[in-house]
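What follows is one structure encoded as structure tokens, with my remarks underneath.
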Amino acid sequence: MTSTPTRAAQVRPARPDGTTPRTLARLGRRTVAALSFRSIGAVYVWLVIVVVFSVWAPETFPTATTIKQVLNGNAVAGLVALSVVPPLAARVFDLSVAYTMSLTSVLTARFLVSAGLGPGTAIALAMTAALLVGVVNGIVVVVLRVDSFIATLATGALVQSLITMVTDDSSITGVQLLAKPFADLAQLDVGGITLPVLYLLLAAVAIWFLLEHTATGRRLYATGFNTDAARLQGVRTDRLRFMTLVTSALLSGFAGIVFASQVGSGSPTAGTPYLLSAYAAAFVGATQLRAGRFNAWGTVLAVLLLGTGITGLGLATSAQWAASLFTGSVLIVALVLTGGRIALPTALRRRKATSPPVPSEAGAAAVPDKEAGR
């Protein structure tokens, strides 16, 4: 008489380290997926860029000095890029970040040089101005229901007029900007790596934790995927969108203060060159790590990729148009790649809504919450 082996007897024996072949296979599949071009394609492109410029400019590019230059020179750009990530996660554009950065740059310099205030007071007043810009953006976009793209562009124009009134389109300079402790805010370094790199890492950790490990982050993604459905689920979408605009203004305002400390002057056009690169980095970052979602670490990776390319072009060629051409090309490619991926959850919901049985409004509202909870 034969006996049927039990389920426990059919389980394959564990390896000496406690893992089973099935567990190892699962880990292997996850590793392959995590290292695929779809997940971290920017890393492979980044490596190609490094190889190309190492061959193109072998005497100047593959050096420790270049690494420090990429990190230190793109920390402010990274802060501006991270400032647009929370609004984009909620499907809100903030085009005023460049003007807010310029505003805090010139206000800090004005308070230090002309008003004779201390660094702490000057920074606090400049950040208050950035906060007001964020509140105005929130009122116009959320309360008055003006499209965020147009509203923040108009707000930026108003901020630029204020900057012109304060500076008469001239940079503000003075020994107060070069003196400690204000100069140390951006110029103090450890092993050649300046403090703005640390600010960038701290901001990335904060945004990453918010979006990936809190209920607020899941609600932000749900709002971005489908605002109406998220509202039916009880998500306070208006409050979230308002807070993302305030957060964006504060972070870009801080970037302006760091910029003033870094260059030793308050420039009325400090933020203008950073607007295109910020959105390029954010959209490239949305194709990495968390494909289809704007995320912090993908944005930082994209900033370093763009910074490496621009630095390499600067070392290999003196053409002034090369950097803008590189950034614009990367942004176009990123928009093409993210267009399909970011629209994917909506497309899935639409297919589900048209298939039998037809879901109710409450059922449809649950979809973005599931997407956000992945």
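Ordered as shown in the structure tokens, chains take letters A, B, and onward, while each chain numbers its residues from 1 and ligands are numbered from 1 in the order shown.
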Kindly assemble as a Markdown table a list of the segment 157-194 of chain A residues that lie within 12 Å of segment 247-256 of chain A, each paired with its nearest atom pair and their distance in Å to one decimal, using only C-alpha atoms, sorted first by chain and then by ascending residue number.
| residue | atom | partner | partner_atom | distance |
| --- | --- | --- | --- | --- |
| A:Val159 | CA | A:Ala249 | CA | 11.9 |
| A:Leu185 | CA | A:Phe254 | CA | 11.0 |
| A:Ala186 | CA | A:Ala255 | CA | 10.2 |
Could you write out the selected residues, including N, CA and C atoms, as a tab-separated table (two decimals), in the first residue's frame?
chain	number	residue	atom	x	y	z
A	159	VAL	N	6.24	88.29	-9.90
A	159	VAL	CA	7.43	88.23	-9.06
A	159	VAL	C	8.61	88.88	-9.77
A	185	LEU	N	27.30	79.08	4.20
A	185	LEU	CA	26.06	78.36	3.91
A	185	LEU	C	26.19	77.49	2.67
A	186	ALA	N	26.97	77.95	1.68
A	186	ALA	CA	27.14	77.20	0.44
A	186	ALA	C	28.60	76.90	0.11
Quick one: residues within 8 Å of Leu305 of chain A, only C-alpha atoms counted, chain neighbours fewer than 4 positions away excluded, as an mmCIF file with all heavy atoms, in the first residue's frame?
data_model
loop_
_atom_site.group_PDB
_atom_site.id
_atom_site.type_symbol
_atom_site.label_atom_id
_atom_site.label_comp_id
_atom_site.auth_asym_id
_atom_site.auth_seq_id
_atom_site.Cartn_x
_atom_site.Cartn_y
_atom_site.Cartn_z
ATOM 1 N N ALA A 42 18.488 55.395 -17.065
ATOM 2 C CA ALA A 42 19.313 56.593 -16.959
ATOM 3 C C ALA A 42 20.716 56.268 -16.463
ATOM 4 O O ALA A 42 21.682 56.947 -16.827
ATOM 5 C CB ALA A 42 18.657 57.609 -16.026
ATOM 6 N N VAL A 43 20.829 55.240 -15.632
ATOM 7 C CA VAL A 43 22.161 54.847 -15.146
ATOM 8 C C VAL A 43 23.018 54.370 -16.310
ATOM 9 O O VAL A 43 24.202 54.739 -16.419
ATOM 10 C CB VAL A 43 22.033 53.737 -14.077
ATOM 11 C CG1 VAL A 43 23.412 53.215 -13.679
ATOM 12 C CG2 VAL A 43 21.296 54.262 -12.855
ATOM 13 N N VAL A 45 22.591 55.132 -19.499
ATOM 14 C CA VAL A 45 22.876 56.297 -20.344
ATOM 15 C C VAL A 45 23.970 57.143 -19.708
ATOM 16 O O VAL A 45 24.864 57.658 -20.396
ATOM 17 C CB VAL A 45 21.592 57.134 -20.548
ATOM 18 C CG1 VAL A 45 21.903 58.411 -21.311
ATOM 19 C CG2 VAL A 45 20.536 56.323 -21.290
ATOM 20 N N TRP A 46 23.909 57.278 -18.399
ATOM 21 C CA TRP A 46 24.922 58.031 -17.661
ATOM 22 C C TRP A 46 26.302 57.414 -17.861
ATOM 23 O O TRP A 46 27.293 58.120 -18.121
ATOM 24 C CB TRP A 46 24.541 58.037 -16.180
ATOM 25 C CG TRP A 46 25.352 58.948 -15.310
ATOM 26 C CD1 TRP A 46 26.215 59.926 -15.715
ATOM 27 C CD2 TRP A 46 25.355 58.977 -13.886
ATOM 28 N NE1 TRP A 46 26.757 60.561 -14.623
ATOM 29 C CE2 TRP A 46 26.246 60.000 -13.493
ATOM 30 C CE3 TRP A 46 24.681 58.249 -12.910
ATOM 31 C CZ2 TRP A 46 26.488 60.299 -12.149
ATOM 32 C CZ3 TRP A 46 24.916 58.554 -11.580
ATOM 33 C CH2 TRP A 46 25.809 59.559 -11.209
ATOM 34 N N LEU A 301 18.987 61.361 -9.775
ATOM 35 C CA LEU A 301 19.753 60.640 -10.794
ATOM 36 C C LEU A 301 19.762 61.410 -12.111
ATOM 37 O O LEU A 301 20.799 61.531 -12.770
ATOM 38 C CB LEU A 301 19.150 59.242 -10.992
ATOM 39 C CG LEU A 301 19.747 58.382 -12.100
ATOM 40 C CD1 LEU A 301 21.220 58.113 -11.826
ATOM 41 C CD2 LEU A 301 18.978 57.063 -12.200
ATOM 42 N N GLY A 309 26.595 65.477 -18.412
ATOM 43 C CA GLY A 309 26.630 65.816 -19.835
ATOM 44 C C GLY A 309 27.031 67.256 -20.088
ATOM 45 O O GLY A 309 27.850 67.544 -20.960
#
Segment 313-327 of chain A surroundings by only C-alpha atoms, 9 Å radius, close-in-sequence under 5 positions cut, as a PDB file with N, CA and C atoms, in the first residue's frame:
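Below you can see result.pdb, which holds the result:
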ATOM      1  N   PHE A  53      32.738  60.996 -22.954  1.00  0.00           N
ATOM      2  CA  PHE A  53      33.539  62.167 -22.622  1.00  0.00           C
ATOM      3  C   PHE A  53      34.922  61.789 -22.099  1.00  0.00           C
ATOM      4  N   TRP A  56      36.581  61.514 -25.339  1.00  0.00           N
ATOM      5  CA  TRP A  56      36.621  62.799 -26.027  1.00  0.00           C
ATOM      6  C   TRP A  56      37.595  63.767 -25.350  1.00  0.00           C
ATOM      7  N   ALA A  57      37.565  63.800 -24.025  1.00  0.00           N
ATOM      8  CA  ALA A  57      38.456  64.709 -23.285  1.00  0.00           C
ATOM      9  C   ALA A  57      39.193  63.909 -22.209  1.00  0.00           C
ATOM     10  N   THR A  60      41.009  65.878 -19.119  1.00  0.00           N
ATOM     11  CA  THR A  60      40.285  66.743 -18.194  1.00  0.00           C
ATOM     12  C   THR A  60      39.040  66.105 -17.584  1.00  0.00           C
ATOM     13  N   PHE A  61      38.382  65.192 -18.311  1.00  0.00           N
ATOM     14  CA  PHE A  61      37.092  64.689 -17.819  1.00  0.00           C
ATOM     15  C   PHE A  61      37.219  63.587 -16.765  1.00  0.00           C
ATOM     16  N   LEU A 276      14.278  75.070 -17.131  1.00  0.00           N
ATOM     17  CA  LEU A 276      14.250  73.982 -18.110  1.00  0.00           C
ATOM     18  C   LEU A 276      14.900  72.731 -17.541  1.00  0.00           C
ATOM     19  N   SER A 277      16.058  72.884 -16.909  1.00  0.00           N
ATOM     20  CA  SER A 277      16.758  71.709 -16.372  1.00  0.00           C
ATOM     21  C   SER A 277      15.968  71.061 -15.243  1.00  0.00           C
ATOM     22  N   ALA A 280      13.254  69.042 -16.930  1.00  0.00           N
ATOM     23  CA  ALA A 280      13.898  67.934 -17.629  1.00  0.00           C
ATOM     24  C   ALA A 280      14.271  66.840 -16.650  1.00  0.00           C
ATOM     25  N   LEU A 306      22.252  64.916 -16.297  1.00  0.00           N
ATOM     26  CA  LEU A 306      22.305  66.177 -17.031  1.00  0.00           C
ATOM     27  C   LEU A 306      23.577  66.956 -16.682  1.00  0.00           C
ATOM     28  N   THR A 308      26.443  65.799 -15.636  1.00  0.00           N
ATOM     29  CA  THR A 308      27.612  65.163 -16.228  1.00  0.00           C
ATOM     30  C   THR A 308      27.734  65.510 -17.709  1.00  0.00           C
ATOM     31  N   ILE A 332      12.934  66.400 -24.292  1.00  0.00           N
ATOM     32  CA  ILE A 332      12.027  65.871 -25.314  1.00  0.00           C
ATOM     33  C   ILE A 332      11.936  64.350 -25.217  1.00  0.00           C
TER      34      ILE A 332
END
- Query: Could you state the separation of atom CA of Ser36 of chain A and atom CA of Thr287 of chain A in Å, given to one decimal place?
  - Reply: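 Straight-line distance from atom CA of Ser36 of chain A to atom CA of Thr287 of chain A works out to 12.1 Å.
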- What does the distance between atom CA of Ile40 of chain A and atom CA of Thr299 of chain A come to in Å, to one decimal place?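 Interatomic distance here is 11.8 Å.
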- Task: Work out how far apart atom CA of Val284 of chain A and atom CA of Leu79 of chain A are and give it in Å to one decimal.
- Result: 15.4 Å
